[in-house]
Amino acid sequence: MATELTMPQMGYDMQQGTLVRWLKSEGASVKKGEPIAEIETDKAVVEFQSYADGVLSKILVKEGTTVEVGKAIAVVGAPGETVADKPSESKKSEETKTEANKPEAQSTRSEEVVSAERSTVDISSSDGDIKVSPVARKLADEMNIDLSQIKGTGPGGRITKDDVVTAGEKGGAKRTEQAPVKEKVSSKPAAEAPKPATLGELIPITKMRQQIARVTVKSKQEIPHYYVSTEVDMTQAMQLRAQLNQSDEFKGTKVSVNDLIVKASVEALKKYPKFNASYTDEGIQIHGSINIGLAMSMEQGLMVPAIMNCDDKTLKELAAASRDLGERAKGGTLRAEEYTGGTFAISNLGMFDVSSFIAVIHPPQAAVLAVGSVTKRPVARGDELTIADMMNVTLSADHRVVDGADGAMFVGEVKRLLQNPFLLLL
Amino acid sequence: MPEMTIREAISKGLREALTDDRVFIMGEDVGSYGGAYAVTKGFLEEFGPQRIMDTPIAESVMVGAGVGAAMGGMKPIVEIMTINFMLLALDQLVNHAAKMRYMSNGQIEVPVVIRTVTGGQLGATHSQNFEGWFASVPGLKVAVPSTPYDALGLIRSSIKERDPVVIAEHAMLYGAKGEVPDEHYEVPFGQAKIRREGKDITLVAHLRMVNVALKVADQLAEKGKEAEVIDLRSLRPLDVDTVIKSVKKTNRVVVIDENWQTGGFAGELVSSIQETAFDHLDGPVGRVCGLDVPAPYSRKLEASVVPTPERVMETIGQLYGL
């Protein structure tokens, strides 16, 4: 019944992965599709989901270990296969009966016995549910004892000081490799120690957050950013989009505003390839294909996966590719190249009612386009005041690669294309 | 060392006090009757009506006169026959005796001593335990002696004290015997006493409940568990330190209070314990109090309202599994 979970291939070129963190400890019950670990490829940190229901009966790979794709990292057993979970009815009544023989049997007493009989594994299935007295918790910390390994004998199954002392004497419940999660946590005392009341929660830095920090700091330290903004009249583009989305040809592939911007950017990049480049010590490396990275806000943090090879894609193909990319990003099934293959990026906060903002360039790219909301605004068209769908875009560009005038021309081209949206259908 | 009852120890303390010319005693039946609990028996003959004064049944006047005399430089000892009647004198006690030093910027002291009798077995209006109420009033000191030694020692401290003192004597403890040394000693306020040492659980009590705690300790000893019994001896100032020190050793604690649980003194102590010693607790801080009902007149029913060793044992079992 047991299922082996193996290091997954998260990208065609992925050879090995590093087990960053176990999200579940041994003995925890897991559901199919439930994240149980974080795995780092050389491109990103991805949550690893169990593909079996049951109990995480064995962790085979320690945190921080790198193993080859396909190698077993954990075993999921069927519930009840190796350990009993909830005490069964028969067991309970048996306990009650035993207790009932004593004259002073009370419901609390029999409950206590049942709780005490629960297996260690059951108690540890969710760490937060372990009942521990304050002094037992403190003592366990001092003695470096893993509470999830201890059977509570106090009322309601509470782990008492005596339980910890006994466990310490036996020496079996030390925080060791058996419980790598605990070990990791306890090695960061700042995250666990009681804090003065004036401090709020200390959020541990995830690998993802570390990476975002590293990339953005590197970008801001190394890349001399400059910014060029313009207003784009999206009235015609919005009309075109509405028409396309009503047509049979675009049935099933609705075009978003962002798709129009992607297409306009691709065309502008073809005209100004220096924005599809990277600054290197050897020279300015123009990229052979246009891969548009899309900034996506995921639960864990920012990701900028790219639509690959946009050069020859039609608007419809880009729309389909963009939707596919978004879904796979959520599902954690991006290909490795998509994580880091971007050559230019678009960051669109239009859905948040943002008038404009400036984005941080994602190295080694040379530019990023920040897109605000499309809003109806009064504008002068010729000498006439009219209402138009307006949108602000701001280009952040690497001054080592391109100058301000280049940026102005690039932004102007994006604007021209969006204001003459039929050009996007050529 | 001579053995005496609490009644005798208090009498001894009062006789000593009366050697000071400023000291006088007043109260209902303290003179010709010799005191409702016979504490001042023979005092009238010994010290004369100038110093041992029978009063009308007017508690507010009695405490008020005591406060006034104290302000005027005397050292009055007012006996209120039972703590139930203290309610009539609350205004004099709380609004005047306890406040005068503060409101006069320290210019006026009120060194009055109020002796009263708490607990008992006389029904709803005569078997109450209000000493914990007085303990919540800043400006008062509250002594709760459970042994002859402490009764004498605390009387001596009370006579020396320059602020108002309430001595709550327990009706059921007057006959309790204990050794009292001949040589002079005092029991200071705010110093609890460990009546019995133990390492497994701390039982905190005062007055009659100390005896309950000691019985519980006996029962626990039969199970191989050692209880530490702490007698608070005064409720204000309160010796939290001794309790905390003990809890840090035993990790378990139950507070026993004869008064009602709701809003009672036990809750105050429980709160102080968990605030200070949370990380040392091996379970919830327990309290066993008088049931939240008026005391029944029937002796058997009343006995079931007051905390018993059985109830304390039950609580200990539920909280700590001992």
# chains A, B, ... in the order shown; residues from 1 in each chain; ligands from 1

call {"tool": "residues_around", "arguments": {"residues": "Thr41 (chain A)", "least_positions_apart": "3", "cutoff": "9 Å", "atoms": "only C-alpha atoms", "output": "compact mmCIF listing (two decimals) with all heavy atoms, in the first residue's frame"}}
result
# COMPACT_ATOMS: atom_id res chain seq x y z
N MET A 10 11.10 19.05 -12.58
CA MET A 10 10.38 20.31 -12.71
C MET A 10 11.06 21.17 -13.76
O MET A 10 11.56 22.24 -13.48
CB MET A 10 10.32 21.01 -11.35
CG MET A 10 9.47 20.24 -10.35
SD MET A 10 9.31 21.05 -8.78
CE MET A 10 10.89 20.74 -8.08
N GLY A 11 11.10 20.70 -14.96
CA GLY A 11 11.82 21.38 -16.03
C GLY A 11 12.57 20.33 -16.82
O GLY A 11 13.11 19.39 -16.25
N MET A 14 16.07 19.66 -15.75
CA MET A 14 16.37 19.47 -14.33
C MET A 14 16.98 18.10 -14.09
O MET A 14 16.41 17.08 -14.43
CB MET A 14 15.09 19.63 -13.50
CG MET A 14 15.29 19.36 -12.02
SD MET A 14 13.79 19.70 -11.09
CE MET A 14 14.17 18.85 -9.56
N GLN A 15 18.17 18.09 -13.48
CA GLN A 15 18.87 16.85 -13.20
C GLN A 15 18.69 16.43 -11.75
O GLN A 15 18.62 15.26 -11.43
CB GLN A 15 20.38 17.02 -13.47
CG GLN A 15 20.71 17.55 -14.85
CD GLN A 15 20.50 16.51 -15.92
OE1 GLN A 15 20.74 15.33 -15.71
NE2 GLN A 15 20.01 16.94 -17.08
N GLN A 16 18.69 17.44 -10.90
CA GLN A 16 18.63 17.16 -9.47
C GLN A 16 17.88 18.29 -8.77
O GLN A 16 17.71 19.37 -9.32
CB GLN A 16 20.04 17.02 -8.90
CG GLN A 16 20.91 18.24 -9.19
CD GLN A 16 22.35 18.01 -8.82
OE1 GLN A 16 22.82 16.89 -8.81
NE2 GLN A 16 23.05 19.08 -8.48
N GLY A 17 17.47 18.01 -7.56
CA GLY A 17 16.77 19.03 -6.79
C GLY A 17 17.22 18.98 -5.34
O GLY A 17 17.68 17.95 -4.85
N THR A 18 17.11 20.12 -4.68
CA THR A 18 17.49 20.19 -3.27
C THR A 18 16.23 20.24 -2.41
O THR A 18 15.34 21.02 -2.66
CB THR A 18 18.33 21.45 -3.01
OG1 THR A 18 19.45 21.43 -3.88
CG2 THR A 18 18.81 21.49 -1.56
N ALA A 44 14.39 27.81 -9.23
CA ALA A 44 13.38 28.34 -8.32
C ALA A 44 13.13 27.37 -7.19
O ALA A 44 13.59 26.24 -7.21
CB ALA A 44 12.08 28.58 -9.08
N VAL A 45 12.37 27.86 -6.22
CA VAL A 45 11.93 26.98 -5.14
C VAL A 45 10.46 26.68 -5.36
O VAL A 45 9.65 27.58 -5.54
CB VAL A 45 12.13 27.64 -3.76
CG1 VAL A 45 11.58 26.73 -2.67
CG2 VAL A 45 13.59 27.93 -3.53
N VAL A 46 10.13 25.42 -5.41
CA VAL A 46 8.78 25.02 -5.74
C VAL A 46 8.24 24.11 -4.65
O VAL A 46 8.98 23.31 -4.07
CB VAL A 46 8.78 24.25 -7.09
CG1 VAL A 46 7.36 23.89 -7.50
CG2 VAL A 46 9.44 25.08 -8.16
N ALA A 336 11.53 24.61 -16.53
CA ALA A 336 12.68 25.33 -15.96
C ALA A 336 13.02 26.58 -16.77
O ALA A 336 13.29 27.64 -16.20
CB ALA A 336 13.88 24.40 -15.90

call {"tool": "interface_residues", "arguments": {"of": "chain A", "to": "chain B", "cutoff": "10 Å", "atoms": "only C-alpha atoms", "output": "PyMOL selection string"}}
result
chain A and resi 106+108-109+112+132-139+153-156+158-162

call {"tool": "select_by_dssp", "arguments": {"residues": "region 65-275 of chain B", "states": "alpha helix (DSSP H)", "output": "ChimeraX atom specification"}}
result
/B:65-71,90,100-103,131-134,148-160,208-222,240-250,265-275

call {"tool": "write_last_selection", "arguments": {"atoms": "C-alpha atoms", "output": "tab-separated table (two decimals), in the first residue's frame"}}
result
chain	number	residue	atom	x	y	z
B	65	ALA	CA	-14.86	56.56	66.80
B	66	GLY	CA	-11.81	54.37	66.46
B	67	VAL	CA	-10.67	56.27	63.39
B	68	GLY	CA	-11.20	59.58	65.16
B	69	ALA	CA	-9.35	58.45	68.27
B	70	ALA	CA	-6.49	57.15	66.18
B	71	MET	CA	-6.28	60.46	64.33
B	90	LEU	CA	-17.45	49.83	55.45
B	100	MET	CA	-6.81	59.61	55.57
B	101	ARG	CA	-3.07	59.32	55.15
B	102	TYR	CA	-3.34	59.78	51.39
B	103	MET	CA	-5.85	62.62	51.48
B	131	GLU	CA	-11.38	39.32	54.66
B	132	GLY	CA	-10.51	39.02	50.98
B	133	TRP	CA	-12.70	42.03	50.23
B	134	PHE	CA	-10.73	44.21	52.62
B	148	PRO	CA	-1.56	30.93	68.20
B	149	TYR	CA	2.02	31.85	67.31
B	150	ASP	CA	0.91	33.95	64.34
B	151	ALA	CA	-2.04	35.43	66.23
B	152	LEU	CA	0.23	36.83	68.91
B	153	GLY	CA	2.93	37.83	66.46
B	154	LEU	CA	0.49	39.64	64.21
B	155	ILE	CA	-1.24	41.40	67.14
B	156	ARG	CA	2.16	42.72	68.17
B	157	SER	CA	2.87	43.96	64.64
B	158	SER	CA	-0.61	45.50	64.45
B	159	ILE	CA	-0.09	47.50	67.62
B	160	LYS	CA	3.15	48.88	66.21
B	208	ARG	CA	-9.18	27.53	58.44
B	209	MET	CA	-8.28	26.46	54.90
B	210	VAL	CA	-4.68	25.93	56.02
B	211	ASN	CA	-5.96	22.95	57.98
B	212	VAL	CA	-7.78	21.69	54.90
B	213	ALA	CA	-4.55	22.05	52.92
B	214	LEU	CA	-2.63	20.11	55.57
B	215	LYS	CA	-5.19	17.29	55.41
B	216	VAL	CA	-4.84	17.24	51.64
B	217	ALA	CA	-1.09	17.04	52.07
B	218	ASP	CA	-1.59	13.98	54.30
B	219	GLN	CA	-3.76	12.32	51.66
B	220	LEU	CA	-1.26	13.11	48.92
B	221	ALA	CA	1.52	11.70	51.07
B	222	GLU	CA	-0.31	8.38	51.07
B	240	VAL	CA	3.39	36.54	46.36
B	241	ASP	CA	7.12	35.89	46.29
B	242	THR	CA	6.96	32.93	48.64
B	243	VAL	CA	4.15	31.42	46.59
B	244	ILE	CA	5.99	31.94	43.31
B	245	LYS	CA	9.18	30.48	44.72
B	246	SER	CA	7.26	27.40	45.76
B	247	VAL	CA	5.45	27.09	42.42
B	248	LYS	CA	8.75	27.27	40.60
B	249	LYS	CA	9.77	24.26	42.62
B	250	THR	CA	6.57	22.22	42.41
B	265	PHE	CA	-9.36	36.63	46.62
B	266	ALA	CA	-8.36	33.23	45.22
B	267	GLY	CA	-8.80	34.54	41.69
B	268	GLU	CA	-6.46	37.42	42.50
B	269	LEU	CA	-3.74	35.08	43.67
B	270	VAL	CA	-4.27	32.67	40.77
B	271	SER	CA	-3.82	35.55	38.38
B	272	SER	CA	-0.61	36.71	40.06
B	273	ILE	CA	0.77	33.19	39.89
B	274	GLN	CA	0.13	32.67	36.21
B	275	GLU	CA	1.41	36.15	35.35

call {"tool": "residues_around", "arguments": {"residues": "Gly175 (chain B)", "least_positions_apart": "4", "cutoff": "12 Å", "atoms": "only C-alpha atoms", "output": "PyMOL selection string"}}
result
chain B and resi 3-10+37-39+146-148+169-171+208

call {"tool": "write_last_selection", "arguments": {"atoms": "N, CA, C and O atoms", "output": "PDB file, in the first residue's frame"}}
result
ATOM      1  N   GLU B   3       2.148  25.832  75.508  1.00  0.00           N
ATOM      2  CA  GLU B   3       1.138  25.658  74.469  1.00  0.00           C
ATOM      3  C   GLU B   3      -0.077  26.475  74.871  1.00  0.00           C
ATOM      4  O   GLU B   3      -0.419  26.552  76.053  1.00  0.00           O
ATOM      5  N   MET B   4      -0.704  27.115  73.896  1.00  0.00           N
ATOM      6  CA  MET B   4      -1.929  27.853  74.197  1.00  0.00           C
ATOM      7  C   MET B   4      -2.852  27.848  72.986  1.00  0.00           C
ATOM      8  O   MET B   4      -2.460  27.440  71.904  1.00  0.00           O
ATOM      9  N   THR B   5      -4.101  28.323  73.221  1.00  0.00           N
ATOM     10  CA  THR B   5      -5.054  28.415  72.114  1.00  0.00           C
ATOM     11  C   THR B   5      -4.889  29.772  71.438  1.00  0.00           C
ATOM     12  O   THR B   5      -4.254  30.690  71.980  1.00  0.00           O
ATOM     13  N   ILE B   6      -5.509  29.894  70.284  1.00  0.00           N
ATOM     14  CA  ILE B   6      -5.475  31.181  69.582  1.00  0.00           C
ATOM     15  C   ILE B   6      -6.157  32.242  70.448  1.00  0.00           C
ATOM     16  O   ILE B   6      -5.682  33.369  70.569  1.00  0.00           O
ATOM     17  N   ARG B   7      -7.256  31.828  71.104  1.00  0.00           N
ATOM     18  CA  ARG B   7      -7.961  32.765  71.989  1.00  0.00           C
ATOM     19  C   ARG B   7      -7.006  33.316  73.052  1.00  0.00           C
ATOM     20  O   ARG B   7      -6.916  34.527  73.262  1.00  0.00           O
ATOM     21  N   GLU B   8      -6.264  32.408  73.658  1.00  0.00           N
ATOM     22  CA  GLU B   8      -5.323  32.817  74.709  1.00  0.00           C
ATOM     23  C   GLU B   8      -4.186  33.670  74.149  1.00  0.00           C
ATOM     24  O   GLU B   8      -3.738  34.634  74.787  1.00  0.00           O
ATOM     25  N   ALA B   9      -3.747  33.319  72.952  1.00  0.00           N
ATOM     26  CA  ALA B   9      -2.648  34.077  72.342  1.00  0.00           C
ATOM     27  C   ALA B   9      -3.088  35.510  72.059  1.00  0.00           C
ATOM     28  O   ALA B   9      -2.324  36.462  72.286  1.00  0.00           O
ATOM     29  N   ILE B  10      -4.340  35.659  71.580  1.00  0.00           N
ATOM     30  CA  ILE B  10      -4.827  37.011  71.278  1.00  0.00           C
ATOM     31  C   ILE B  10      -4.983  37.796  72.585  1.00  0.00           C
ATOM     32  O   ILE B  10      -4.597  38.966  72.672  1.00  0.00           O
ATOM     33  N   TYR B  37     -16.404  35.940  71.948  1.00  0.00           N
ATOM     34  CA  TYR B  37     -15.589  34.732  71.855  1.00  0.00           C
ATOM     35  C   TYR B  37     -14.622  34.640  73.041  1.00  0.00           C
ATOM     36  O   TYR B  37     -13.611  33.959  72.987  1.00  0.00           O
ATOM     37  N   ALA B  38     -14.987  35.400  74.095  1.00  0.00           N
ATOM     38  CA  ALA B  38     -14.274  35.333  75.380  1.00  0.00           C
ATOM     39  C   ALA B  38     -12.805  35.720  75.302  1.00  0.00           C
ATOM     40  O   ALA B  38     -11.995  35.277  76.107  1.00  0.00           O
ATOM     41  N   VAL B  39     -12.468  36.535  74.333  1.00  0.00           N
ATOM     42  CA  VAL B  39     -11.072  36.944  74.183  1.00  0.00           C
ATOM     43  C   VAL B  39     -10.688  37.958  75.269  1.00  0.00           C
ATOM     44  O   VAL B  39      -9.564  37.961  75.767  1.00  0.00           O
ATOM     45  N   SER B 146      -3.619  31.837  61.564  1.00  0.00           N
ATOM     46  CA  SER B 146      -4.233  30.513  61.686  1.00  0.00           C
ATOM     47  C   SER B 146      -3.621  29.706  62.819  1.00  0.00           C
ATOM     48  O   SER B 146      -4.028  28.576  63.061  1.00  0.00           O
ATOM     49  N   THR B 147      -2.625  30.284  63.529  1.00  0.00           N
ATOM     50  CA  THR B 147      -2.017  29.579  64.674  1.00  0.00           C
ATOM     51  C   THR B 147      -1.883  30.560  65.839  1.00  0.00           C
ATOM     52  O   THR B 147      -1.852  31.778  65.624  1.00  0.00           O
ATOM     53  N   PRO B 148      -1.781  30.054  67.051  1.00  0.00           N
ATOM     54  CA  PRO B 148      -1.559  30.934  68.197  1.00  0.00           C
ATOM     55  C   PRO B 148      -0.281  31.762  68.033  1.00  0.00           C
ATOM     56  O   PRO B 148      -0.258  32.945  68.357  1.00  0.00           O
ATOM     57  N   GLU B 169     -10.008  37.074  62.560  1.00  0.00           N
ATOM     58  CA  GLU B 169      -9.804  35.836  63.330  1.00  0.00           C
ATOM     59  C   GLU B 169     -10.906  34.870  62.935  1.00  0.00           C
ATOM     60  O   GLU B 169     -12.035  35.286  62.705  1.00  0.00           O
ATOM     61  N   HIS B 170     -10.559  33.608  62.820  1.00  0.00           N
ATOM     62  CA  HIS B 170     -11.575  32.663  62.350  1.00  0.00           C
ATOM     63  C   HIS B 170     -12.363  32.079  63.517  1.00  0.00           C
ATOM     64  O   HIS B 170     -11.774  31.592  64.492  1.00  0.00           O
ATOM     65  N   ALA B 171     -13.687  32.125  63.402  1.00  0.00           N
ATOM     66  CA  ALA B 171     -14.559  31.676  64.491  1.00  0.00           C
ATOM     67  C   ALA B 171     -14.266  30.239  64.913  1.00  0.00           C
ATOM     68  O   ALA B 171     -14.394  29.888  66.089  1.00  0.00           O
ATOM     69  N   ARG B 208      -8.776  28.932  58.278  1.00  0.00           N
ATOM     70  CA  ARG B 208      -9.179  27.531  58.445  1.00  0.00           C
ATOM     71  C   ARG B 208      -8.738  26.655  57.261  1.00  0.00           C
ATOM     72  O   ARG B 208      -8.533  25.442  57.413  1.00  0.00           O
TER      73      ARG B 208
END

call {"tool": "residues_around", "arguments": {"residues": "Lys271 (chain A)", "least_positions_apart": "2", "cutoff": "12 Å", "atoms": "only C-alpha atoms", "output": "MDAnalysis selection string"}}
result
chainID A and resid 264:269 273:276 290 311 406 409:414 417

call {"tool": "write_last_selection", "arguments": {"atoms": "N, CA, C and O atoms", "output": "mmCIF file, in the first residue's frame"}}
result
data_model
loop_
_atom_site.group_PDB
_atom_site.id
_atom_site.type_symbol
_atom_site.label_atom_id
_atom_site.label_comp_id
_atom_site.auth_asym_id
_atom_site.auth_seq_id
_atom_site.Cartn_x
_atom_site.Cartn_y
_atom_site.Cartn_z
ATOM 1 N N ALA A 264 2.124 44.321 -28.265
ATOM 2 C CA ALA A 264 2.722 45.610 -28.624
ATOM 3 C C ALA A 264 4.194 45.648 -28.227
ATOM 4 O O ALA A 264 5.040 46.152 -28.970
ATOM 5 N N SER A 265 4.496 45.069 -27.056
ATOM 6 C CA SER A 265 5.886 45.058 -26.598
ATOM 7 C C SER A 265 6.759 44.211 -27.516
ATOM 8 O O SER A 265 7.890 44.587 -27.858
ATOM 9 N N VAL A 266 6.214 43.057 -27.923
ATOM 10 C CA VAL A 266 6.971 42.173 -28.817
ATOM 11 C C VAL A 266 7.311 42.917 -30.113
ATOM 12 O O VAL A 266 8.463 42.897 -30.582
ATOM 13 N N GLU A 267 6.305 43.600 -30.656
ATOM 14 C CA GLU A 267 6.542 44.314 -31.918
ATOM 15 C C GLU A 267 7.536 45.456 -31.712
ATOM 16 O O GLU A 267 8.404 45.706 -32.555
ATOM 17 N N ALA A 268 7.417 46.156 -30.571
ATOM 18 C CA ALA A 268 8.351 47.253 -30.284
ATOM 19 C C ALA A 268 9.764 46.720 -30.090
ATOM 20 O O ALA A 268 10.747 47.347 -30.498
ATOM 21 N N LEU A 269 9.869 45.539 -29.469
ATOM 22 C CA LEU A 269 11.191 44.944 -29.249
ATOM 23 C C LEU A 269 11.840 44.531 -30.568
ATOM 24 O O LEU A 269 13.063 44.583 -30.720
ATOM 25 N N PRO A 273 15.668 46.210 -30.767
ATOM 26 C CA PRO A 273 16.159 44.989 -30.123
ATOM 27 C C PRO A 273 17.094 45.241 -28.944
ATOM 28 O O PRO A 273 17.363 44.317 -28.160
ATOM 29 N N LYS A 274 17.600 46.467 -28.767
ATOM 30 C CA LYS A 274 18.482 46.718 -27.627
ATOM 31 C C LYS A 274 17.739 46.623 -26.292
ATOM 32 O O LYS A 274 18.353 46.530 -25.225
ATOM 33 N N PHE A 275 16.406 46.658 -26.376
ATOM 34 C CA PHE A 275 15.643 46.461 -25.137
ATOM 35 C C PHE A 275 15.427 44.976 -24.834
ATOM 36 O O PHE A 275 14.946 44.610 -23.786
ATOM 37 N N ASN A 276 15.784 44.147 -25.841
ATOM 38 C CA ASN A 276 15.702 42.696 -25.664
ATOM 39 C C ASN A 276 17.134 42.167 -25.528
ATOM 40 O O ASN A 276 17.604 41.374 -26.333
ATOM 41 N N ILE A 290 12.546 36.569 -28.442
ATOM 42 C CA ILE A 290 11.879 37.467 -27.499
ATOM 43 C C ILE A 290 11.039 36.618 -26.547
ATOM 44 O O ILE A 290 10.092 35.948 -26.975
ATOM 45 N N ASP A 311 8.405 35.940 -30.751
ATOM 46 C CA ASP A 311 8.690 36.680 -31.988
ATOM 47 C C ASP A 311 7.604 36.515 -33.041
ATOM 48 O O ASP A 311 7.120 37.477 -33.617
ATOM 49 N N ASP A 406 16.373 56.462 -26.319
ATOM 50 C CA ASP A 406 15.955 55.136 -26.790
ATOM 51 C C ASP A 406 14.674 54.714 -26.078
ATOM 52 O O ASP A 406 13.737 54.199 -26.688
ATOM 53 N N MET A 409 11.709 56.431 -27.419
ATOM 54 C CA MET A 409 11.280 55.885 -28.713
ATOM 55 C C MET A 409 10.573 54.547 -28.524
ATOM 56 O O MET A 409 9.567 54.262 -29.167
ATOM 57 N N PHE A 410 11.102 53.753 -27.643
ATOM 58 C CA PHE A 410 10.497 52.436 -27.391
ATOM 59 C C PHE A 410 9.078 52.606 -26.830
ATOM 60 O O PHE A 410 8.119 52.013 -27.312
ATOM 61 N N VAL A 411 8.974 53.460 -25.823
ATOM 62 C CA VAL A 411 7.661 53.696 -25.209
ATOM 63 C C VAL A 411 6.707 54.292 -26.245
ATOM 64 O O VAL A 411 5.528 53.942 -26.312
ATOM 65 N N GLY A 412 7.259 55.189 -27.086
ATOM 66 C CA GLY A 412 6.444 55.800 -28.136
ATOM 67 C C GLY A 412 5.928 54.749 -29.103
ATOM 68 O O GLY A 412 4.775 54.827 -29.570
ATOM 69 N N GLU A 413 6.769 53.735 -29.398
ATOM 70 C CA GLU A 413 6.355 52.690 -30.326
ATOM 71 C C GLU A 413 5.250 51.825 -29.699
ATOM 72 O O GLU A 413 4.273 51.476 -30.362
ATOM 73 N N VAL A 414 5.411 51.507 -28.429
ATOM 74 C CA VAL A 414 4.373 50.741 -27.726
ATOM 75 C C VAL A 414 3.059 51.508 -27.769
ATOM 76 O O VAL A 414 1.989 50.971 -28.057
ATOM 77 N N LEU A 417 1.491 51.512 -31.277
ATOM 78 C CA LEU A 417 0.873 50.226 -31.601
ATOM 79 C C LEU A 417 -0.459 50.057 -30.861
ATOM 80 O O LEU A 417 -1.448 49.608 -31.437
#

call {"tool": "residues_around", "arguments": {"residues": "Gly31 (chain B)", "least_positions_apart": "5", "cutoff": "7 Å", "atoms": "only C-alpha atoms", "output": "list in words"}}
result
Phe43, Leu44, Ile52, Met53 and Asp54 of chain B

call {"tool": "residues_around", "arguments": {"residues": "Pro56 (chain B)", "least_positions_apart": "3", "cutoff": "12 Å", "atoms": "only C-alpha atoms", "output": "PyMOL selection string"}}
result
chain B and resi 26-31+53+59-63+80-81

call {"tool": "select_by_dssp", "arguments": {"residues": "region 47-229 of chain B", "states": "strand (DSSP E or B)", "output": "number ranges by chain"}}
result
B: 52-54, 75-80, 113-118, 141-143, 165-170, 177-179, 193-196, 201-205, 227-229

call {"tool": "atom_distance", "arguments": {"atom1": "CA of Gln239 (chain A)", "atom2": "CA of Val371 (chain A)"}}
result
18.8 Å

call {"tool": "closest_residue", "arguments": {"among": "A:Ala345, A:Val354, A:Ala167, A:Leu385", "to": "Leu369 (chain A)", "atoms": "only C-alpha atoms"}}
result
A:Ala345

call {"tool": "closest_atom_pairs", "arguments": {"of": "region 120-149 of chain B", "to": "region 105-110 of chain B", "cutoff": "12 Å", "atoms": "only C-alpha atoms", "output": "JSON lines"}}
result
{"residue": "B:Gly139", "atom": "CA", "partner": "B:Val110", "partner_atom": "CA", "distance": 9.9}
{"residue": "B:Leu140", "atom": "CA", "partner": "B:Val110", "partner_atom": "CA", "distance": 10.1}
{"residue": "B:Lys141", "atom": "CA", "partner": "B:Val110", "partner_atom": "CA", "distance": 11.8}
